[in-house]
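Q: Structure supplied as target01.txt; contents: compact mmCIF, C-alpha atoms.
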```txt
# COMPACT_ATOMS: atom_id res chain seq x y z
CA ALA A 1 82.82 119.17 24.62
CA PRO A 2 82.27 117.18 21.43
CA GLY A 3 78.78 117.17 20.12
CA GLY A 4 77.73 119.75 22.61
CA GLY A 5 75.25 121.51 20.49
CA GLY A 6 74.36 124.56 22.50
CA GLY A 7 75.54 127.60 20.69
CA GLY A 8 77.85 129.33 22.95
CA GLY A 9 80.29 131.27 21.04
CA GLY A 10 83.02 129.43 19.35
CA GLY A 11 85.77 127.95 21.47
CA GLY A 12 84.16 124.84 22.88
CA GLY A 13 86.40 125.07 26.04
CA CYS A 14 85.03 123.85 29.40
CA THR A 15 85.46 125.78 32.59
CA ALA A 16 85.79 123.84 35.84
CA VAL A 17 83.47 124.72 38.67
CA ARG A 18 85.24 125.21 41.97
CA LYS A 19 83.54 125.42 45.33
CA THR A 20 85.15 127.62 47.92
CA PHE A 21 84.20 128.06 51.55
CA ALA A 22 84.49 131.45 53.16
CA HIS A 23 85.00 131.73 56.91
CA VAL A 24 82.18 133.75 58.39
CA PRO A 25 82.96 135.03 61.90
CA SER A 26 80.10 134.42 64.31
CA LEU A 27 79.38 134.94 67.97
CA ILE A 28 76.75 133.18 70.06
CA GLY A 29 75.50 135.14 73.03
CA ALA A 30 73.00 134.43 75.78
CA MET A 31 71.14 136.44 78.34
CA GLU A 32 71.93 135.89 82.02
CA ALA A 33 68.66 134.04 82.62
CA GLU A 34 69.48 131.62 79.81
CA GLU A 35 72.94 130.97 81.24
CA VAL A 36 71.45 130.21 84.66
CA GLY A 37 68.93 127.82 83.08
CA VAL A 38 71.67 125.99 81.17
CA GLU A 39 73.76 125.73 84.34
CA HIS A 40 70.81 124.17 86.17
CA LEU A 41 70.36 121.67 83.35
CA LEU A 42 74.05 120.79 83.26
CA ARG A 43 74.25 120.34 87.03
CA ASP A 44 72.70 116.86 86.91
CA ILE A 45 74.80 115.60 84.00
CA ASN A 46 77.60 113.30 85.08
CA ASP A 47 81.06 113.88 83.67
CA PRO A 48 82.06 110.64 81.91
CA THR A 49 85.75 111.32 82.53
CA VAL A 50 85.23 111.29 86.29
CA SER A 51 84.16 107.81 87.35
CA THR A 52 83.56 106.30 90.73
CA VAL A 53 84.30 102.77 91.81
CA ALA A 54 80.62 101.84 91.54
CA ASN A 55 80.47 103.04 87.92
CA LEU A 56 83.62 101.05 87.11
CA VAL A 57 82.16 97.90 88.66
CA LYS A 58 78.87 98.36 86.79
CA ALA A 59 80.72 98.86 83.50
CA LYS A 60 82.81 95.72 84.06
CA LEU A 61 79.73 93.69 85.00
CA SER A 62 77.85 94.81 81.88
CA GLY A 63 80.91 94.08 79.72
CA LEU A 64 81.29 90.59 81.18
CA SER A 65 77.59 89.83 80.75
CA THR A 66 77.77 90.95 77.11
CA LEU A 67 80.88 88.79 76.57
CA THR A 68 79.06 85.81 78.08
CA GLU A 69 76.06 86.33 75.79
CA LYS A 70 78.28 86.54 72.69
CA LEU A 71 80.27 83.45 73.65
CA VAL A 72 77.05 81.48 74.20
CA GLU A 73 75.81 82.67 70.80
CA MET A 74 79.07 81.53 69.16
CA LYS A 75 78.83 78.15 70.90
CA ASP A 76 75.24 77.70 69.72
CA TYR A 77 76.27 78.54 66.15
CA LEU A 78 79.21 76.10 66.17
CA THR A 79 77.01 73.37 67.69
CA ALA A 80 74.36 73.91 65.00
CA VAL A 81 77.02 73.75 62.25
CA SER A 82 78.55 70.56 63.66
CA GLU A 83 75.11 68.92 63.89
CA GLY A 84 74.28 69.92 60.31
CA ARG A 85 71.37 72.23 61.15
CA MET A 86 73.15 75.26 59.63
CA LYS A 87 75.62 75.76 56.82
CA ALA A 88 79.13 76.80 57.74
CA ASN A 89 79.93 80.40 56.81
CA SER A 90 83.66 80.91 56.29
CA ASP A 91 83.53 84.63 57.21
CA ILE A 92 81.86 83.92 60.56
CA ILE A 93 84.32 81.13 61.37
CA ALA A 94 87.28 83.38 60.43
CA ASN A 95 85.96 86.12 62.75
CA MET A 96 85.56 83.59 65.55
CA GLN A 97 89.11 82.39 65.02
CA ALA A 98 90.41 85.99 65.16
CA ILE A 99 88.48 86.61 68.38
CA VAL A 100 89.84 83.45 70.00
CA ASN A 101 93.38 84.29 68.87
CA LEU A 102 93.14 87.73 70.55
CA LEU A 103 92.24 86.25 73.94
CA PRO A 104 95.21 86.16 76.33
CA ASN A 105 96.66 82.85 77.40
CA LEU A 106 96.12 82.81 81.15
CA ASN A 107 97.81 79.44 81.68
CA VAL A 108 101.30 80.96 81.67
CA GLU A 109 102.79 80.88 85.16
CA GLU A 110 104.51 84.28 84.87
CA LEU A 111 101.31 86.02 83.76
CA VAL A 112 99.28 84.51 86.60
CA ARG A 113 101.95 85.48 89.15
CA SER A 114 102.26 89.06 87.84
CA MET A 115 98.48 89.51 87.87
CA LEU A 116 98.30 88.25 91.47
CA VAL A 117 101.13 90.58 92.52
CA LYS A 118 99.47 93.58 90.88
CA ASN A 119 96.12 92.66 92.42
CA ASN A 120 97.69 92.32 95.89
CA ASP A 121 99.44 95.69 95.50
CA MET A 122 96.18 97.40 94.54
CA HIS A 123 94.32 95.84 97.47
CA MET A 124 97.12 96.82 99.86
CA VAL A 125 96.84 100.45 98.74
CA ILE A 126 93.05 100.36 99.19
CA TYR A 127 93.43 98.81 102.67
CA LEU A 128 96.07 101.34 103.75
CA SER A 129 94.01 104.28 102.52
CA ALA A 130 90.93 103.01 104.41
CA LEU A 131 93.05 102.55 107.53
CA ILE A 132 94.51 106.05 107.26
CA ARG A 133 91.04 107.55 106.75
CA CYS A 134 89.82 105.72 109.87
CA VAL A 135 92.76 106.94 111.98
CA ILE A 136 92.28 110.53 110.78
CA ALA A 137 88.55 110.36 111.56
CA LEU A 138 89.27 109.06 115.08
CA HIS A 139 91.88 111.78 115.59
CA ASP A 140 89.37 114.44 114.53
CA LEU A 141 86.83 112.95 116.93
CA VAL A 142 89.29 113.12 119.83
CA LEU A 143 90.22 116.73 118.96
CA ASN A 144 86.53 117.64 118.76
CA LYS A 145 85.87 116.11 122.18
CA ILE A 146 88.84 117.97 123.66
CA ALA A 147 87.67 121.26 122.15
CA TYR A 148 84.12 120.66 123.45
CA ASN A 149 85.40 119.87 126.94
CA ASP A 150 87.56 123.00 126.91
CA GLU A 151 84.51 125.12 126.03
CA GLU A 152 82.23 123.44 128.57
CA GLY A 153 84.87 122.85 131.20
CA ASP A 154 86.02 119.38 132.15
CA GLY A 155 82.41 118.26 132.15
CA PHE A 156 81.99 116.45 135.45
CA GLY A 157 83.92 118.68 137.85
CA GLU A 158 82.08 121.94 137.23
CA VAL A 159 78.69 120.29 137.24
CA LYS A 160 79.40 118.79 140.67
CA ASP A 161 80.67 122.15 141.91
CA LYS A 162 77.53 123.86 140.66
CA LYS A 163 75.39 121.29 142.43
CA LYS A 164 77.40 121.75 145.60
CA ASP A 165 77.12 125.52 145.29
CA SER A 166 73.40 125.37 144.68
CA GLY A 167 73.02 122.98 147.63
CA GLU A 168 75.00 125.29 149.91
CA GLU A 169 72.97 128.29 148.74
CA LYS A 170 69.73 126.45 149.57
CA LYS A 171 71.07 125.55 153.03
CA GLU A 172 72.06 129.15 153.63
CA GLU A 173 68.65 130.38 152.51
CA GLU A 174 66.92 127.85 154.76
CA SER A 175 69.08 128.77 157.73
CA GLY A 176 68.45 132.47 157.01
CA ASN A 177 64.69 131.82 156.89
CA ASP A 178 64.89 129.90 160.16
CA LYS A 179 66.76 132.79 161.79
CA LYS A 180 64.18 135.27 160.55
CA LYS A 181 61.39 133.09 161.87
CA ASN A 182 63.18 132.73 165.18
CA GLY A 183 63.81 136.46 165.29
CA LYS A 184 60.13 137.28 164.59
CA GLY A 185 59.05 134.77 167.21
CA ALA A 186 61.40 136.30 169.76
CA ASP A 187 60.18 139.80 168.88
CA ALA A 188 56.59 138.69 169.38
CA LYS A 189 57.43 137.20 172.80
CA ASN A 190 59.22 140.38 173.85
CA LYS A 191 56.27 142.53 172.82
CA SER A 192 53.80 140.39 174.68
CA THR A 193 55.80 140.67 177.88
```
Could I get this structure in the form of structure tokens?

A:
Amino acid sequence: APGGGGGGGGGGGCTAVRKTFAHVPSLIGAMEAEEVGVEHLLRDINDPTVSTVANLVKAKLSGLSTLTEKLVEMKDYLTAVSEGRMKANSDIIANMQAIVNLLPNLNVEELVRSMLVKNNDMHMVIYLSALIRCVIALHDLVLNKIAYNDEEGDGFGEVKDKKKDSGEEKKEEESGNDKKKNGKGADAKNKST
């Protein structure tokens, strides 16, 4: 170090300072109560990797609305520049040109046809899956009704038989009561004579 006036012993040589990082092993632990609390907090957090159809539709709607806002902003800027209300900025115009160049050309017949075919295939799969789910649900309903009827009997037949049985029992009881009354009446007549 030329002109380095501090008296350090004669050689004038500089030593380079090196920073080194040492790996310090560490372990983070938690009590059982803390783990339960964290699990309760994490229960309500949605996993962003698992998305439902509604979340996909909302994301596409928000993306399209943002794209519409930006395109309107670009149109307003270009209109203001063409009318002379604003100065033209070459960087902004170059970015707009790059954005427009990245947009796909949807006027190609092959692209339109392939998009329609893919869209029809996706809708066919959705329709078939909904149809299969409906058939499976109806099948489960029929099996449930069969199992219920097996447990309860055939439903109508046993109920009618029970009513018939209870009706016959009542008739028998009434006829038995009539016989007893007739028997008591006859006994009373015999005693009086």

Q: Would you mind reading off the distance between CA of Leu42 (chain A) and CA of Val24 (chain A), one decimal, in Å?

A: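 Distance between the two atoms: 29.2 Å.
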
Q: CA of Arg85 (chain A) and CA of Thr68 (chain A) are how many Å apart?

A: 23.0 Å

Q: Could you jot down the CA of Val53 (chain A) to CA of Met122 (chain A) separation for me, Å, one decimal place?

A: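 So the two atoms, CA of Val53 (chain A) and CA of Met122 (chain A), lie 13.3 Å apart.
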